[in-house]
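The structure file my_file_39.txt is reproduced below (compact mmCIF, C-alpha atoms).
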```
# COMPACT_ATOMS: atom_id res chain seq x y z
CA MET A 28 -53.49 34.36 -86.24
CA SER A 29 -49.78 35.06 -86.56
CA PHE A 30 -48.54 35.16 -83.02
CA LEU A 31 -45.19 36.79 -83.56
CA SER A 32 -46.25 39.25 -86.20
CA VAL A 33 -43.77 41.93 -85.29
CA LEU A 34 -42.16 42.09 -88.69
CA ALA A 35 -44.87 40.37 -90.71
CA ASP A 36 -47.17 43.22 -89.69
CA SER A 37 -50.42 41.50 -90.52
CA GLY A 38 -52.40 43.68 -88.15
CA THR A 39 -53.02 47.36 -88.61
CA LEU A 40 -50.64 48.63 -85.96
CA THR A 41 -47.69 50.27 -87.63
CA THR A 42 -44.44 48.49 -86.98
CA ARG A 43 -43.04 51.40 -85.03
CA VAL A 44 -46.06 51.68 -82.71
CA GLN A 45 -46.04 47.96 -82.24
CA ILE A 46 -42.37 47.79 -81.30
CA PHE A 47 -42.87 50.67 -78.91
CA ALA A 48 -45.89 48.96 -77.29
CA ILE A 49 -44.10 45.62 -77.00
CA VAL A 50 -40.96 47.11 -75.47
CA GLY A 51 -43.04 49.24 -73.10
CA SER A 52 -45.24 46.44 -71.80
CA ALA A 53 -42.33 43.96 -71.64
CA LEU A 54 -40.41 46.45 -69.52
CA LEU A 55 -43.45 46.77 -67.26
CA VAL A 56 -43.67 42.99 -66.80
CA PHE A 57 -39.98 42.83 -66.02
CA PHE A 58 -40.12 45.79 -63.63
CA VAL A 59 -43.06 44.31 -61.69
CA LEU A 60 -41.26 40.96 -61.34
CA GLU A 61 -38.10 42.73 -60.20
CA LEU A 62 -39.98 44.72 -57.55
CA LEU A 63 -41.53 41.46 -56.39
CA ARG A 64 -38.13 39.80 -56.24
CA ARG A 65 -36.74 42.62 -54.14
CA ARG A 66 -39.79 42.41 -51.91
CA ARG A 67 -40.74 46.00 -52.60
CA LEU A 68 -44.12 44.75 -53.86
CA SER A 69 -46.27 42.00 -52.35
CA GLU A 70 -48.07 39.36 -54.38
CA PRO A 71 -51.70 40.52 -54.34
CA TYR A 72 -50.78 43.87 -55.88
CA ALA A 73 -48.17 42.30 -58.11
CA ILE A 74 -50.81 39.97 -59.56
CA LEU A 75 -52.99 42.91 -60.63
CA TRP A 76 -50.04 44.64 -62.25
CA LEU A 77 -48.85 41.44 -63.88
CA ILE A 78 -52.26 40.75 -65.40
CA ALA A 79 -52.44 44.32 -66.71
CA SER A 80 -48.97 44.38 -68.18
CA PHE A 81 -49.27 40.85 -69.56
CA VAL A 82 -52.54 41.59 -71.34
CA LEU A 83 -51.00 44.74 -72.84
CA LEU A 84 -48.01 42.72 -73.95
CA VAL A 85 -50.17 40.04 -75.58
CA LEU A 86 -52.30 42.65 -77.35
CA SER A 87 -49.29 44.48 -78.70
CA VAL A 88 -47.55 41.31 -79.88
CA TRP A 89 -50.69 39.69 -81.27
CA ASP A 90 -52.17 42.71 -83.01
CA ASP A 91 -54.75 40.67 -84.96
CA LEU A 92 -56.47 40.19 -81.64
CA LEU A 93 -56.22 43.90 -80.99
CA ASP A 94 -57.83 44.58 -84.39
CA GLU A 95 -60.71 42.29 -83.53
CA LEU A 96 -61.11 43.94 -80.16
CA ALA A 97 -61.12 47.41 -81.74
CA ASP A 98 -63.65 46.23 -84.32
CA LEU A 99 -65.87 44.70 -81.65
CA VAL A 100 -66.00 47.85 -79.57
CA GLY A 101 -66.14 50.17 -82.59
CA ILE A 102 -62.77 51.90 -82.28
CA ALA A 103 -61.44 52.96 -85.66
CA THR A 104 -57.75 52.99 -84.76
CA PRO A 105 -56.45 49.80 -83.07
CA ALA A 106 -53.71 51.78 -81.34
CA ASN A 107 -56.50 53.59 -79.50
CA ALA A 108 -57.92 50.24 -78.40
CA LEU A 109 -54.59 49.61 -76.69
CA PHE A 110 -55.05 52.94 -74.89
CA VAL A 111 -58.58 52.00 -73.85
CA VAL A 112 -57.43 48.65 -72.44
CA GLY A 113 -54.57 50.34 -70.60
CA PHE A 114 -56.93 53.00 -69.30
CA GLY A 115 -59.35 50.31 -68.10
CA PHE A 116 -56.59 48.64 -66.12
CA ILE A 117 -55.55 51.95 -64.60
CA LEU A 118 -59.13 52.50 -63.44
CA VAL A 119 -59.28 49.02 -61.89
CA LEU A 120 -55.91 49.50 -60.19
CA LEU A 121 -56.88 52.92 -58.81
CA LEU A 122 -60.18 51.60 -57.54
CA SER A 123 -58.43 48.70 -55.85
CA PHE A 124 -55.97 51.13 -54.25
CA SER A 125 -58.89 53.13 -52.92
CA THR A 126 -60.30 50.02 -51.27
CA VAL A 127 -56.90 49.16 -49.85
CA ILE A 128 -56.43 52.70 -48.50
CA SER A 129 -59.89 52.52 -46.93
CA ARG A 130 -58.95 49.27 -45.24
CA LEU A 131 -55.62 50.67 -44.05
CA THR A 132 -57.36 53.76 -42.65
CA ARG A 133 -59.80 51.59 -40.74
CA GLU A 134 -57.02 49.38 -39.38
CA ASN A 135 -54.89 52.39 -38.52
CA LYS A 136 -57.74 53.90 -36.52
CA LEU A 137 -58.23 50.61 -34.68
CA LEU A 138 -54.51 50.46 -33.87
CA ALA A 139 -54.54 54.00 -32.50
CA GLN A 140 -57.57 53.17 -30.37
CA GLU A 141 -55.93 49.99 -29.09
CA ILE A 142 -52.74 51.88 -28.19
CA ALA A 143 -54.79 54.55 -26.43
CA ARG A 144 -56.62 51.85 -24.47
CA LEU A 145 -53.35 50.13 -23.49
CA ASN A 146 -51.75 53.45 -22.51
CA GLY A 147 -54.80 54.21 -20.38
CA GLU A 148 -54.58 50.84 -18.66
CA ARG A 149 -50.87 51.30 -18.01
CA ASP A 150 -51.25 54.82 -16.59
CA GLU A 151 -54.17 53.90 -14.36
CA SER A 152 -52.60 50.77 -12.91
CA PRO A 153 -50.88 51.30 -9.53
CA LYS A 154 -47.28 52.46 -9.97
CA ARG A 155 -44.63 49.94 -9.05
CA GLY A 156 -41.21 50.50 -7.38
CA MET B 11 -29.04 21.12 -13.52
CA THR B 12 -29.42 22.33 -17.08
CA PRO B 13 -32.35 24.64 -17.67
CA ALA B 14 -35.37 22.77 -19.00
CA THR B 15 -36.21 23.08 -22.67
CA LYS B 16 -38.90 25.74 -23.08
CA LYS B 17 -41.61 24.51 -25.40
CA LEU B 18 -44.56 26.36 -26.87
CA ALA B 19 -47.64 25.14 -28.68
CA MET B 20 -49.08 27.89 -30.90
CA VAL B 21 -52.69 27.75 -32.01
CA PRO B 22 -53.74 30.30 -34.63
CA ALA B 23 -57.51 30.66 -34.40
CA LEU B 24 -60.11 32.69 -36.25
CA ASN B 25 -63.69 32.33 -35.00
CA GLU B 26 -63.11 28.86 -33.56
CA GLU B 27 -65.05 29.26 -30.30
CA GLY B 28 -66.62 25.86 -30.92
CA SER B 29 -63.35 23.98 -30.83
CA VAL B 30 -60.55 26.13 -29.42
CA GLY B 31 -61.33 25.31 -25.80
CA ASP B 32 -61.12 21.57 -26.44
CA VAL B 33 -57.94 22.00 -28.46
CA VAL B 34 -56.29 23.90 -25.58
CA SER B 35 -57.44 21.42 -22.91
CA GLU B 36 -56.26 18.50 -24.99
CA LEU B 37 -52.88 20.14 -25.59
CA ARG B 38 -52.43 20.69 -21.86
CA GLU B 39 -53.34 17.09 -21.21
CA LYS B 40 -51.47 15.29 -23.99
CA ALA B 41 -48.50 17.61 -24.50
CA PRO B 42 -47.66 18.41 -20.88
CA GLY B 43 -44.25 20.00 -21.49
CA PHE B 44 -45.74 22.69 -23.68
CA ASP B 45 -47.04 26.14 -22.81
CA VAL B 46 -50.10 26.92 -24.90
CA LEU B 47 -50.51 30.16 -26.83
CA VAL B 48 -53.63 30.94 -28.81
CA VAL B 49 -53.25 33.65 -31.43
CA ASP B 50 -56.73 35.05 -31.90
CA ASP B 51 -56.57 36.63 -35.33
CA GLY B 52 -59.30 39.20 -34.91
CA SER B 53 -62.15 36.80 -34.11
CA THR B 54 -65.61 38.26 -33.74
CA ASP B 55 -66.79 35.42 -31.50
CA ALA B 56 -65.67 34.26 -28.05
CA THR B 57 -62.51 32.49 -29.26
CA ALA B 58 -60.20 34.50 -26.97
CA SER B 59 -62.23 34.02 -23.79
CA HIS B 60 -62.79 30.30 -24.46
CA ALA B 61 -59.05 29.87 -24.99
CA ARG B 62 -58.22 31.78 -21.80
CA ALA B 63 -60.79 29.82 -19.82
CA ALA B 64 -59.14 26.60 -20.97
CA GLY B 65 -55.81 27.87 -19.65
CA ALA B 66 -53.99 29.24 -22.68
CA SER B 67 -52.13 32.50 -23.02
CA VAL B 68 -53.84 34.58 -25.68
CA LEU B 69 -52.62 37.15 -28.17
CA SER B 70 -55.57 38.97 -29.72
CA HIS B 71 -55.05 40.88 -32.93
CA PRO B 72 -57.16 44.05 -33.13
CA PHE B 73 -58.12 43.00 -36.68
CA ASN B 74 -57.62 40.06 -38.96
CA LEU B 75 -54.06 39.75 -40.25
CA GLY B 76 -54.47 36.47 -42.09
CA ILE B 77 -53.00 33.10 -41.21
CA GLY B 78 -49.42 34.17 -41.99
CA GLY B 79 -49.62 37.13 -39.63
CA ALA B 80 -51.18 34.97 -36.91
CA VAL B 81 -48.52 32.29 -37.14
CA GLN B 82 -45.75 34.88 -37.19
CA SER B 83 -47.18 36.49 -34.04
CA GLY B 84 -46.75 33.07 -32.44
CA TYR B 85 -43.14 32.76 -33.61
CA ARG B 86 -42.35 36.30 -32.40
CA TYR B 87 -43.80 35.43 -29.01
CA ALA B 88 -41.73 32.24 -28.95
CA PHE B 89 -38.57 34.11 -29.99
CA LEU B 90 -38.95 37.01 -27.57
CA ASN B 91 -39.82 34.71 -24.65
CA GLY B 92 -36.87 32.42 -25.22
CA TYR B 93 -38.63 29.25 -26.33
CA ASP B 94 -36.43 26.45 -27.71
CA ILE B 95 -39.19 24.53 -29.47
CA ALA B 96 -42.42 25.78 -31.02
CA VAL B 97 -45.17 23.72 -32.58
CA GLN B 98 -48.04 25.01 -34.74
CA VAL B 99 -51.38 23.34 -34.08
CA ASP B 100 -54.58 24.24 -35.93
CA GLY B 101 -57.45 25.62 -33.88
CA ASP B 102 -60.03 23.37 -35.48
CA GLY B 103 -58.92 20.15 -33.82
CA GLN B 104 -57.59 18.30 -36.86
CA HIS B 105 -54.11 17.94 -35.35
CA ASP B 106 -53.75 15.37 -32.59
CA PRO B 107 -51.71 16.81 -29.68
CA ALA B 108 -50.53 13.29 -28.82
CA GLN B 109 -48.60 13.34 -32.09
CA ILE B 110 -46.51 16.36 -31.14
CA ALA B 111 -44.18 13.81 -29.55
CA THR B 112 -43.87 12.16 -32.97
CA LEU B 113 -42.83 15.51 -34.46
CA GLU B 114 -40.30 16.04 -31.65
CA GLU B 115 -38.79 12.61 -32.26
CA GLY B 116 -38.63 13.36 -35.96
CA LEU B 117 -36.85 16.66 -35.28
CA ALA B 118 -34.27 15.00 -33.07
CA LYS B 119 -33.78 11.94 -35.25
CA SER B 120 -33.35 13.83 -38.52
CA ASN B 121 -31.39 16.60 -36.82
CA SER B 122 -33.69 19.13 -38.46
CA ASP B 123 -34.61 22.71 -37.69
CA LEU B 124 -38.13 22.40 -39.04
CA VAL B 125 -40.35 19.35 -39.37
CA TRP B 126 -43.96 19.02 -40.39
CA GLY B 127 -46.49 16.25 -40.14
CA SER B 128 -47.49 14.59 -43.37
CA ARG B 129 -50.70 12.65 -43.74
CA PHE B 130 -49.51 11.08 -46.94
CA LEU B 131 -46.10 9.68 -46.07
CA GLU B 132 -47.89 6.50 -45.07
CA ASP B 133 -50.98 5.81 -47.10
CA ALA B 134 -53.84 5.95 -44.66
CA GLY B 135 -56.46 6.47 -47.35
CA TYR B 136 -57.49 10.03 -46.52
CA ALA B 137 -60.49 11.29 -48.36
CA VAL B 138 -59.29 14.63 -49.65
CA PRO B 139 -61.42 16.72 -52.00
CA ARG B 140 -60.15 16.38 -55.57
CA LEU B 141 -59.21 20.02 -55.96
CA ARG B 142 -57.17 20.04 -52.77
CA ARG B 143 -55.50 16.83 -53.81
CA ALA B 144 -54.49 18.28 -57.18
CA GLY B 145 -53.07 21.38 -55.49
CA ARG B 146 -51.19 19.34 -52.96
CA VAL B 147 -49.66 17.06 -55.59
CA ILE B 148 -48.48 20.02 -57.66
CA PHE B 149 -46.97 21.77 -54.63
CA ALA B 150 -45.42 18.53 -53.41
CA ARG B 151 -43.69 18.03 -56.77
CA VAL B 152 -42.47 21.63 -56.96
CA VAL B 153 -41.20 21.66 -53.37
CA SER B 154 -39.53 18.26 -53.78
CA ALA B 155 -37.79 19.46 -56.92
CA ILE B 156 -36.51 22.66 -55.31
CA THR B 157 -35.45 21.20 -51.97
CA ARG B 158 -34.35 17.83 -53.39
CA GLU B 159 -36.12 16.15 -50.51
CA PRO B 160 -39.10 13.88 -50.92
CA VAL B 161 -41.99 16.09 -49.76
CA THR B 162 -45.55 14.79 -49.77
CA ASP B 163 -47.57 17.30 -47.71
CA PRO B 164 -46.10 20.80 -48.02
CA THR B 165 -49.38 22.50 -47.09
CA SER B 166 -49.55 20.79 -43.71
CA GLY B 167 -49.97 23.31 -40.90
CA PHE B 168 -48.83 20.86 -38.20
CA ARG B 169 -45.19 21.84 -37.85
CA LEU B 170 -42.49 22.07 -35.25
CA ALA B 171 -39.39 24.25 -35.23
CA ASN B 172 -36.33 24.56 -33.06
CA ARG B 173 -34.71 27.85 -32.02
CA ARG B 174 -33.19 28.43 -35.47
CA GLY B 175 -36.55 27.92 -37.13
CA ILE B 176 -38.27 30.13 -34.56
CA GLU B 177 -35.76 32.91 -35.13
CA LEU B 178 -36.13 32.81 -38.91
CA PHE B 179 -39.92 32.84 -38.82
CA ALA B 180 -40.02 35.53 -36.13
CA ARG B 181 -38.01 37.74 -38.47
CA ASP B 182 -39.86 36.90 -41.62
CA TYR B 183 -42.88 34.85 -42.51
CA PRO B 184 -44.97 34.74 -45.69
CA HIS B 185 -48.36 36.45 -45.61
CA ASP B 186 -51.50 34.86 -46.90
CA TYR B 187 -50.89 31.27 -47.93
CA PRO B 188 -47.70 30.72 -46.01
CA GLU B 189 -47.14 26.98 -45.61
CA VAL B 190 -45.43 26.11 -48.88
CA GLU B 191 -43.41 29.31 -48.98
CA ALA B 192 -42.27 28.89 -45.37
CA ILE B 193 -40.73 25.51 -46.20
CA LEU B 194 -38.88 26.97 -49.17
CA MET B 195 -37.78 29.92 -47.07
CA ALA B 196 -36.32 27.60 -44.44
CA HIS B 197 -34.60 25.65 -47.18
CA SER B 198 -33.08 28.75 -48.77
CA HIS B 199 -31.74 29.79 -45.37
CA ASP B 200 -29.93 26.45 -45.09
CA LEU B 201 -32.17 25.13 -42.37
CA GLU B 202 -32.56 21.37 -42.24
CA ILE B 203 -36.11 20.37 -43.02
CA SER B 204 -37.91 17.06 -43.01
CA GLU B 205 -41.28 15.46 -43.05
CA VAL B 206 -42.71 13.17 -40.39
CA ALA B 207 -45.57 10.73 -40.86
CA VAL B 208 -48.62 11.57 -38.76
CA THR B 209 -52.32 10.88 -38.81
CA MET B 210 -54.85 13.68 -38.75
CA ARG B 211 -58.51 13.83 -37.86
CA GLN B 212 -61.46 15.24 -39.67
CA ARG B 213 -62.10 18.86 -38.78
CA GLU B 214 -64.35 19.34 -35.79
CA THR B 215 -65.82 22.65 -36.76
CA GLY B 216 -65.04 25.45 -39.14
CA ARG B 217 -64.07 25.22 -42.77
CA SER B 218 -60.83 25.01 -44.64
CA SER B 219 -59.35 28.36 -45.46
CA ILE B 220 -59.09 27.05 -49.02
CA ASN B 221 -62.46 26.63 -50.72
CA MET B 222 -63.38 26.02 -54.34
CA PHE B 223 -63.79 29.71 -54.98
CA ASN B 224 -60.30 30.87 -54.19
CA ALA B 225 -58.42 27.66 -54.97
CA GLY B 226 -57.31 28.92 -58.37
CA TYR B 227 -56.15 32.22 -56.94
CA TYR B 228 -54.31 30.34 -54.22
CA MET B 229 -52.44 28.25 -56.79
CA VAL B 230 -51.45 31.29 -58.84
CA ARG B 231 -50.34 33.26 -55.80
CA VAL B 232 -48.21 30.50 -54.34
CA LEU B 233 -46.70 29.45 -57.67
CA LEU B 234 -45.83 33.08 -58.42
CA ALA B 235 -44.25 33.44 -54.98
CA ILE B 236 -42.26 30.23 -55.50
CA PHE B 237 -41.15 31.29 -58.98
CA VAL B 238 -40.02 34.74 -57.89
CA GLY B 239 -38.42 33.25 -54.78
CA LEU B 240 -36.15 31.18 -57.00
CA PHE B 241 -34.48 34.36 -58.18
CA ARG B 242 -33.74 35.64 -54.70
CA ARG B 243 -30.47 34.66 -53.18
CA ARG B 244 -31.85 34.81 -49.68
CA PRO B 245 -35.29 36.19 -49.04
CA ILE B 246 -34.23 38.33 -46.09
CA PRO B 247 -36.45 41.28 -45.26
CA PRO B 248 -34.87 44.72 -45.51
CA ALA B 249 -33.12 45.77 -42.29
CA GLY B 250 -35.51 48.68 -41.73
CA ASP B 251 -38.44 46.32 -41.30
CA ASP B 252 -36.67 44.28 -38.70
CA TRP B 253 -37.89 45.69 -35.41
CA LEU B 254 -36.99 42.47 -33.67
CA ALA B 255 -33.35 43.47 -33.77
CA ALA B 256 -32.79 45.17 -30.44
CA SER B 257 -29.79 47.30 -31.38
CA PRO B 258 -28.49 49.01 -34.54
CA ALA B 259 -25.58 46.58 -34.48
CA GLU B 260 -27.96 43.65 -34.62
CA ALA B 261 -29.96 45.22 -37.42
CA LEU B 262 -26.76 45.73 -39.37
CA GLU B 263 -25.75 42.17 -38.77
CA SER B 264 -29.09 40.81 -39.93
CA ALA B 265 -28.90 42.98 -43.05
CA ARG B 266 -25.49 41.57 -43.88
CA ARG B 267 -26.50 37.94 -43.57
```
As structure tokens, please, write out the structure in this file.
Amino acid sequence: MSFLSVLADSGTLTTRVQIFAIVGSALLVFFVLELLRRRRLSEPYAILWLIASFVLLVLSVWDDLLDELADLVGIATPANALFVVGFGFILVLLLSFSTVISRLTRENKLLAQEIARLNGERDESPKRG
Amino acid sequence: MTPATKKLAMVPALNEEGSVGDVVSELREKAPGFDVLVVDDGSTDATASHARAAGASVLSHPFNLGIGGAVQSGYRYAFLNGYDIAVQVDGDGQHDPAQIATLEEGLAKSNSDLVWGSRFLEDAGYAVPRLRRAGRVIFARVVSAITREPVTDPTSGFRLANRRGIELFARDYPHDYPEVEAILMAHSHDLEISEVAVTMRQRETGRSSINMFNAGYYMVRVLLAIFVGLFRRRPIPPAGDDWLAASPAEALESARR
């Protein structure tokens, strides 16, 4: 219920854990946006990271929600629920990287084949000059 | 005699074998000063051969790069081959080649570097699906606010650029949903931009790249890109990526700008 319950501490996260989680996930949000701004990260990947870090941030700020989530899934310690959510995101991100790497491998192979074909055409064509 | 202005019409096409031939023929007929380039973005049908048969030059990507990559291939071609004017025309026949002249007039009259055709500058009562309309209105407001120009159709793909515009987009062009971002990019590089009233036709074949399913994702992506773009001074790509620069000196210069 209480959205900014950092000091009110209505949930069962201890204040210290909560501050740590908030600072950590806020830093992650900021870092992702900064990478995006510097064009070191492109939007599709940034969106995945932003969703992950934003959800973690919301859950650590709004720890009542985290309590409910922990209760729902049957985790005794809400802090562990935060771990589980984070772990879930890591799995999704890794899986998406695997699909991206697969795509890049396929495209890379195609590029090599195209270059080989073009080289072949160039070498076989009658020499000029 | 001064050398003639070199003009290029670029048609990005993905699996448009049903319409690309007609688009090319019509361009050659109604926009006679323009060379026609079709960028075949990894089509699995006969798009490339139909385009070639109709008399266009064709760049075929070995795989699909997305609309941004296709359009940028066109701008690179225009830049490297010394074109002074380049116009983007969709491969599905919704842009009327006869109206390229309208865009050219608009470019000259407003002294702009980039102009695009807007269907909505004059109310012609287009039936646009509600979702697309909502997206367009939001983007139009955001782009108008950032550029301080009245913009009504920032997602229009019917656009014409001079040498400055060609050079910028050859160096750097947004990836997946590029139209809105490209306008803001031009603006942030101090290029003059303006909108020109045109009429468009219904699509002949093919479907919009924006359907119900990915419309929400599209909005989020573009709004995120716009938001982050606001915090960049100038969205120049890092010098290392810039293989257009022929010499180290040029690369250095482009990194400094």
(message) What are the residues of chain A lining chain B at 9 Å or less? Count only C-alpha atoms, and put the answer as a ChimeraX atom specification.
(response) /A:60-61,63-66,69-71,74,134,137-138,141
Residue contacts of range 112-127 of chain A (12 Å, all atoms listed in the file) excluding same-chain residues fewer than 2 positions away, as a PDB file with C-alpha atoms, in the coordinates of the input:
```pdb
ATOM      1  CA  ALA A  48     -45.890  48.960 -77.290  1.00  0.00           C
ATOM      2  CA  GLY A  51     -43.040  49.240 -73.100  1.00  0.00           C
ATOM      3  CA  SER A  52     -45.240  46.440 -71.800  1.00  0.00           C
ATOM      4  CA  PRO A  71     -51.700  40.520 -54.340  1.00  0.00           C
ATOM      5  CA  TYR A  72     -50.780  43.870 -55.880  1.00  0.00           C
ATOM      6  CA  ALA A  73     -48.170  42.300 -58.110  1.00  0.00           C
ATOM      7  CA  ILE A  74     -50.810  39.970 -59.560  1.00  0.00           C
ATOM      8  CA  LEU A  75     -52.990  42.910 -60.630  1.00  0.00           C
ATOM      9  CA  TRP A  76     -50.040  44.640 -62.250  1.00  0.00           C
ATOM     10  CA  LEU A  77     -48.850  41.440 -63.880  1.00  0.00           C
ATOM     11  CA  ILE A  78     -52.260  40.750 -65.400  1.00  0.00           C
ATOM     12  CA  ALA A  79     -52.440  44.320 -66.710  1.00  0.00           C
ATOM     13  CA  SER A  80     -48.970  44.380 -68.180  1.00  0.00           C
ATOM     14  CA  PHE A  81     -49.270  40.850 -69.560  1.00  0.00           C
ATOM     15  CA  VAL A  82     -52.540  41.590 -71.340  1.00  0.00           C
ATOM     16  CA  LEU A  83     -51.000  44.740 -72.840  1.00  0.00           C
ATOM     17  CA  LEU A  84     -48.010  42.720 -73.950  1.00  0.00           C
ATOM     18  CA  VAL A  85     -50.170  40.040 -75.580  1.00  0.00           C
ATOM     19  CA  LEU A  86     -52.300  42.650 -77.350  1.00  0.00           C
ATOM     20  CA  SER A  87     -49.290  44.480 -78.700  1.00  0.00           C
ATOM     21  CA  LEU A  93     -56.220  43.900 -80.990  1.00  0.00           C
ATOM     22  CA  LEU A  96     -61.110  43.940 -80.160  1.00  0.00           C
ATOM     23  CA  ALA A  97     -61.120  47.410 -81.740  1.00  0.00           C
ATOM     24  CA  VAL A 100     -66.000  47.850 -79.570  1.00  0.00           C
ATOM     25  CA  ILE A 102     -62.770  51.900 -82.280  1.00  0.00           C
ATOM     26  CA  PRO A 105     -56.450  49.800 -83.070  1.00  0.00           C
ATOM     27  CA  ALA A 106     -53.710  51.780 -81.340  1.00  0.00           C
ATOM     28  CA  ASN A 107     -56.500  53.590 -79.500  1.00  0.00           C
ATOM     29  CA  ALA A 108     -57.920  50.240 -78.400  1.00  0.00           C
ATOM     30  CA  LEU A 109     -54.590  49.610 -76.690  1.00  0.00           C
ATOM     31  CA  PHE A 110     -55.050  52.940 -74.890  1.00  0.00           C
ATOM     32  CA  SER A 129     -59.890  52.520 -46.930  1.00  0.00           C
ATOM     33  CA  ARG A 130     -58.950  49.270 -45.240  1.00  0.00           C
ATOM     34  CA  LEU A 131     -55.620  50.670 -44.050  1.00  0.00           C
ATOM     35  CA  THR A 132     -57.360  53.760 -42.650  1.00  0.00           C
ATOM     36  CA  ARG A 133     -59.800  51.590 -40.740  1.00  0.00           C
ATOM     37  CA  GLU A 134     -57.020  49.380 -39.380  1.00  0.00           C
ATOM     38  CA  ASN A 135     -54.890  52.390 -38.520  1.00  0.00           C
TER      39      ASN A 135
END
```
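Nearest-residue note for Val147 in chain B: choosing from B:Leu90, B:Val34, B:Met229, B:Ala118, the minimum distance belongs to B:Met229, counting all atoms listed in the file.
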(request) Measure the distance from CA of Ile142 in chain A to CA of Leu69 in chain B in Å and round it to one decimal. (result)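 CA of Leu69 in chain B lies at a distance of 14.7 Å from CA of Ile142 in chain A.
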Can you sort out the box for range 153-163 of chain B, edges along x, y and z, all listed atoms in, 3 Å on every side, with centre and edge lengths in Å to one decimal, as AutoDock Vina command-line options?
```
--center_x -41.0 --center_y 18.3 --center_z -52.3 --size_x 19.2 --size_y 14.8 --size_z 15.2
```
(message) Rounded to one decimal, what separation in Å do you get between CA of Gln140 in chain A and CA of Pro188 in chain B?
(response)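 Those two atoms sit 29.1 Å apart.
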(request) In Å, rounded to a single decimal, give me how far CA of Glu205 in chain B is from CA of Trp126 in chain B. (result)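 Atom-to-atom, CA of Trp126 in chain B to CA of Glu205 in chain B, that is 5.2 Å.
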Skipping near chain neighbours, those fewer than 5 positions away, what residues fall within 9 Å of Gly175 in chain B using all atoms listed in the file, listed as a short mmCIF file (atom, residue, chain, number, x, y, z; two decimals) with C-alpha atoms, keeping the file's coordinate frame?
```cif
data_model
loop_
_atom_site.label_atom_id
_atom_site.label_comp_id
_atom_site.auth_asym_id
_atom_site.auth_seq_id
_atom_site.Cartn_x
_atom_site.Cartn_y
_atom_site.Cartn_z
CA TYR B 85 -43.14 32.76 -33.61
CA ILE B 95 -39.19 24.53 -29.47
CA ALA B 96 -42.42 25.78 -31.02
CA ASP B 123 -34.61 22.71 -37.69
CA LEU B 124 -38.13 22.40 -39.04
CA LEU B 170 -42.49 22.07 -35.25
CA ALA B 180 -40.02 35.53 -36.13
CA ALA B 196 -36.32 27.60 -44.44
CA LEU B 201 -32.17 25.13 -42.37
#
```
(request) Could you check which of B:Ala61, B:Ala225, B:Asp182, B:Ser204 is closest to Glu115 in chain B, using only C-alpha atoms? (result)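 Ranking B:Ala61, B:Ala225, B:Asp182, B:Ser204 by distance to Glu115 in chain B, first place goes to B:Ser204.
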(request) Could you give me, as a PyMOL selection string, the residues that have an atom at most 12 Å away from the point (-42.2, 14.5, -29.1) in the coordinates of the file, using only C-alpha atoms? (result) chain B and resi 17+19+40-44+95-97+107-119+125+127+169-171+206+208
(message) Neighbouring residues of Tyr183 in chain B were defined as those with any atom within 12 Å, considering only C-alpha atoms; residues of the same chain fewer than 3 positions away were excluded. Please report them as number ranges by chain.
(response) B: 76-86, 175-180, 186-196, 245-247, 252
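By only C-alpha atoms, and with residues fewer than 6 positions from Gly31 in chain B along its chain excluded, the set lying at most 8 Å from it is His60, Ala61, Ala63 and Ala64 of chain B.
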